[in-house]
Amino acid sequence: MSVLNRRKFLSAASAAALVTAIHRPLTWAVPILNESHATARILSLRLQTAAPLEEMRAFYSDTLGLDVLEESSTELTIGGGATPITFVKSDAKQGAPFYHFAFNIPQNKIRQAREWQRERSEILSVFPRLRDKQFPNDVVHFSNWNAHSVFFLDPAENVVEYIARHDLKNDADGPFTSRDILHASEIAFVVDDVSAMASKLQETFDLAQYRTGSNVFRALGDEHGLLLVFERGRNLSVGADKSKLADVFPTHAEIRGRAATHTVAEFDYEIRGR
């Protein structure tokens with residue numbers, strides 16, 4: 001999802017410091033347990049964090065009710081629905097990495113998700129032009145994507161999104177719970193040349209352009225999972241009154257797609273398809 005409407009971020013670290021981060025290979029095997037596992041395009045994520053892992057664990061496990069899959073003194077892996085997300089403790093010299101990622105939820109549960117999350121954290125504000133009169137003012141309406149979203153921050157100041165994509169027929173009964181956090185469906189990559197990066201990802205993994213794009217923002221994939229590409233240094237408005245310059249931080253992702261690997265060594269990006 002375009003991160004033009006996100007909230008404040010922590011101060012950016014230099015790109016030179018980011019490339020010193022070392023990641024182990026992504027080795028999570030995601031079994032086909034249910035429809036979410038079968039359709040999820042983003043199979044796993046590996047991200048850096050300056051926040052104490054104890055705080056990340058408390059937020060994702062105790063507050064949101066997600067499973068802790070693995071933890072150590074330097075890493076924490078939580079189950080974001082069908083998507084394992086590993087947070088790796090970053091070097092203090094690297095600054096404070098921040099990311100945007102989104103979780104698909106049942107398309108009929110955005111109101112319930114909003115209320116559920118409001119009981120657990122602040123919901124980020126929304127520009128008037130992105131509101132839907134039929135929904136509360138803190139629900140984002142992405143009309144060109146036929147979707148509604150709510151955004152909030154985790155302890156690392158990552159901008160986390162629940163998105164109800166109405167083109168998906170994934171309705172669910174009952175009140176919203178952590179079980180309705182189906183899988184990660186967006187991860188953002190910040191680069192200097194959006195068109196070049198997007199073209200390379202399309203070619204490498206056989207990904208389609210999703211809806212319309214531009215020379216500063218592209219979305220690749222489908223409603224089950226999108227790789228977002230946008231321009232470094234771009235002034236990102238996040239929330240109705242906050243902004244931050246987009247920057248790069250080490251990001252490793254495993255996706256469902258053509259078996260191949262694309263790396264950007266300068267930024268410590270690695271995308272693997274399988």
# chains A, B, ... in the order shown; residues from 1 in each chain; ligands from 1
call {"tool": "select_by_dssp", "arguments": {"residues": "segment 18-258 of chain A", "states": "strand (DSSP E or B)", "output": "mmCIF file with C-alpha atoms, in the first residue's frame"}}
result
data_model
loop_
_atom_site.group_PDB
_atom_site.id
_atom_site.type_symbol
_atom_site.label_atom_id
_atom_site.label_comp_id
_atom_site.auth_asym_id
_atom_site.auth_seq_id
_atom_site.Cartn_x
_atom_site.Cartn_y
_atom_site.Cartn_z
ATOM 1 C CA ILE A 42 4.871 -13.172 1.206
ATOM 2 C CA LEU A 43 6.150 -16.316 2.911
ATOM 3 C CA SER A 44 8.528 -14.771 5.458
ATOM 4 C CA LEU A 45 10.163 -11.483 6.390
ATOM 5 C CA ARG A 46 13.430 -10.688 8.141
ATOM 6 C CA LEU A 47 13.743 -7.122 9.436
ATOM 7 C CA GLN A 48 16.034 -5.111 11.704
ATOM 8 C CA THR A 49 14.877 -3.409 14.903
ATOM 9 C CA ASP A 67 2.427 -16.765 18.292
ATOM 10 C CA VAL A 68 6.119 -16.555 19.167
ATOM 11 C CA LEU A 69 7.760 -19.064 16.835
ATOM 12 C CA GLU A 70 11.371 -18.633 17.946
ATOM 13 C CA GLU A 71 13.399 -16.268 20.092
ATOM 14 C CA GLU A 75 16.194 -12.368 17.297
ATOM 15 C CA LEU A 76 12.453 -12.741 17.695
ATOM 16 C CA THR A 77 10.179 -14.505 15.217
ATOM 17 C CA ILE A 78 6.433 -14.012 15.472
ATOM 18 C CA GLY A 79 3.708 -15.620 13.417
ATOM 19 C CA GLY A 80 1.970 -12.885 11.465
ATOM 20 C CA THR A 83 3.807 -15.291 7.602
ATOM 21 C CA PRO A 84 6.752 -15.677 10.015
ATOM 22 C CA ILE A 85 8.307 -12.258 10.693
ATOM 23 C CA THR A 86 11.756 -12.181 12.282
ATOM 24 C CA PHE A 87 12.990 -9.042 14.028
ATOM 25 C CA VAL A 88 16.778 -8.947 14.330
ATOM 26 C CA LYS A 89 18.384 -6.746 16.954
ATOM 27 C CA HIS A 100 5.950 -0.631 6.554
ATOM 28 C CA PHE A 101 4.194 -3.964 6.311
ATOM 29 C CA ALA A 102 0.543 -4.912 6.070
ATOM 30 C CA PHE A 103 -1.601 -7.847 7.082
ATOM 31 C CA ASN A 104 -4.613 -9.029 5.137
ATOM 32 C CA ILE A 105 -7.745 -9.446 7.229
ATOM 33 C CA VAL A 140 -8.318 4.810 5.282
ATOM 34 C CA HIS A 141 -10.225 4.281 2.051
ATOM 35 C CA PHE A 142 -8.039 3.248 -0.879
ATOM 36 C CA ALA A 147 -9.788 -1.592 0.164
ATOM 37 C CA HIS A 148 -10.093 -0.111 3.643
ATOM 38 C CA SER A 149 -7.261 -0.024 6.187
ATOM 39 C CA VAL A 150 -6.253 1.033 9.654
ATOM 40 C CA PHE A 151 -2.672 1.844 10.661
ATOM 41 C CA PHE A 152 -0.817 1.736 13.968
ATOM 42 C CA LEU A 153 2.734 1.653 15.325
ATOM 43 C CA VAL A 159 3.928 1.302 10.524
ATOM 44 C CA VAL A 160 1.667 -1.734 10.655
ATOM 45 C CA GLU A 161 -1.515 -2.013 8.634
ATOM 46 C CA TYR A 162 -4.610 -4.168 8.677
ATOM 47 C CA ILE A 163 -6.119 -4.115 5.194
ATOM 48 C CA ALA A 164 -9.508 -5.421 4.111
ATOM 49 C CA ARG A 165 -9.324 -6.043 0.366
ATOM 50 C CA HIS A 183 -0.831 -13.137 6.526
ATOM 51 C CA ALA A 184 1.560 -10.344 5.554
ATOM 52 C CA SER A 185 0.435 -8.862 2.249
ATOM 53 C CA GLU A 186 2.759 -5.867 1.798
ATOM 54 C CA ILE A 187 6.420 -5.065 2.395
ATOM 55 C CA ALA A 188 8.028 -1.839 1.219
ATOM 56 C CA PHE A 189 11.449 -1.407 -0.412
ATOM 57 C CA VAL A 190 12.965 2.079 -0.718
ATOM 58 C CA VAL A 191 15.335 2.673 -3.643
ATOM 59 C CA GLN A 209 2.122 -4.463 -11.929
ATOM 60 C CA PHE A 217 5.836 4.343 -6.413
ATOM 61 C CA ARG A 218 5.079 0.862 -7.752
ATOM 62 C CA ALA A 219 3.198 -2.116 -6.332
ATOM 63 C CA LEU A 220 3.952 -5.585 -7.709
ATOM 64 C CA GLY A 221 1.922 -8.742 -7.183
ATOM 65 C CA ASP A 222 -1.731 -9.117 -6.297
ATOM 66 C CA GLY A 225 0.869 -10.118 -1.531
ATOM 67 C CA LEU A 226 2.514 -6.949 -2.840
ATOM 68 C CA LEU A 227 6.118 -5.822 -3.034
ATOM 69 C CA LEU A 228 6.006 -2.029 -2.751
ATOM 70 C CA VAL A 229 8.792 0.053 -4.286
ATOM 71 C CA PHE A 230 9.143 3.749 -3.638
ATOM 72 C CA GLU A 231 11.740 6.460 -3.924
ATOM 73 C CA ASN A 235 8.696 13.164 1.770
ATOM 74 C CA LEU A 236 6.236 10.641 3.124
ATOM 75 C CA SER A 237 3.153 11.956 4.850
ATOM 76 C CA SER A 243 6.016 13.286 7.665
ATOM 77 C CA LYS A 244 9.399 11.621 7.256
ATOM 78 C CA LEU A 245 11.922 11.128 4.494
ATOM 79 C CA THR A 251 15.097 -6.219 4.332
ATOM 80 C CA HIS A 252 14.965 -9.912 3.492
ATOM 81 C CA ALA A 253 11.787 -11.440 2.091
ATOM 82 C CA GLU A 254 10.801 -14.849 0.827
ATOM 83 C CA ILE A 255 7.900 -14.869 -1.601
#
call {"tool": "residues_around", "arguments": {"residues": "Asn108 of chain A", "least_positions_apart": "3", "cutoff": "8 Å", "atoms": "only C-alpha atoms", "output": "list in words"}}
result
Ala164, His166, Asn170, Asp171 and Ala172 of chain A
call {"tool": "closest_residue", "arguments": {"among": "A:Ser199, A:Ser178, A:Thr263, A:Gln107", "to": "Ala82 of chain A", "atoms": "only C-alpha atoms"}}
result
A:Ser178
call {"tool": "closest_residue", "arguments": {"among": "A:Ile110, A:Ala246, A:Leu64, A:Ala198", "to": "Pro175 of chain A", "atoms": "only C-alpha atoms"}}
result
A:Ile110
call {"tool": "atom_distance", "arguments": {"atom1": "atom CA of Phe59 of chain A", "atom2": "atom CA of Val126 of chain A"}}
result
23.1 Å
call {"tool": "select_by_dssp", "arguments": {"residues": "segment 23-270 of chain A", "states": "helix (DSSP H, G or I)", "output": "PyMOL selection string"}}
result
chain A and resi 35-39+53-63+92-94+110-118+128-130+143-145+178-180+194-205
call {"tool": "residues_around", "arguments": {"residues": "Arg274 of chain A", "least_positions_apart": "6", "cutoff": "6 Å", "atoms": "only C-alpha atoms", "output": "PDB file with C-alpha atoms, in the first residue's frame"}}
result
ATOM      1  CA  ARG A 256       5.782 -17.300  -3.537  1.00  0.00           C
ATOM      2  CA  GLY A 257       6.873 -16.934  -7.143  1.00  0.00           C
ATOM      3  CA  ARG A 258       9.487 -17.980  -9.647  1.00  0.00           C
ATOM      4  CA  ALA A 259      12.408 -19.708  -7.921  1.00  0.00           C
TER       5      ALA A 259
END
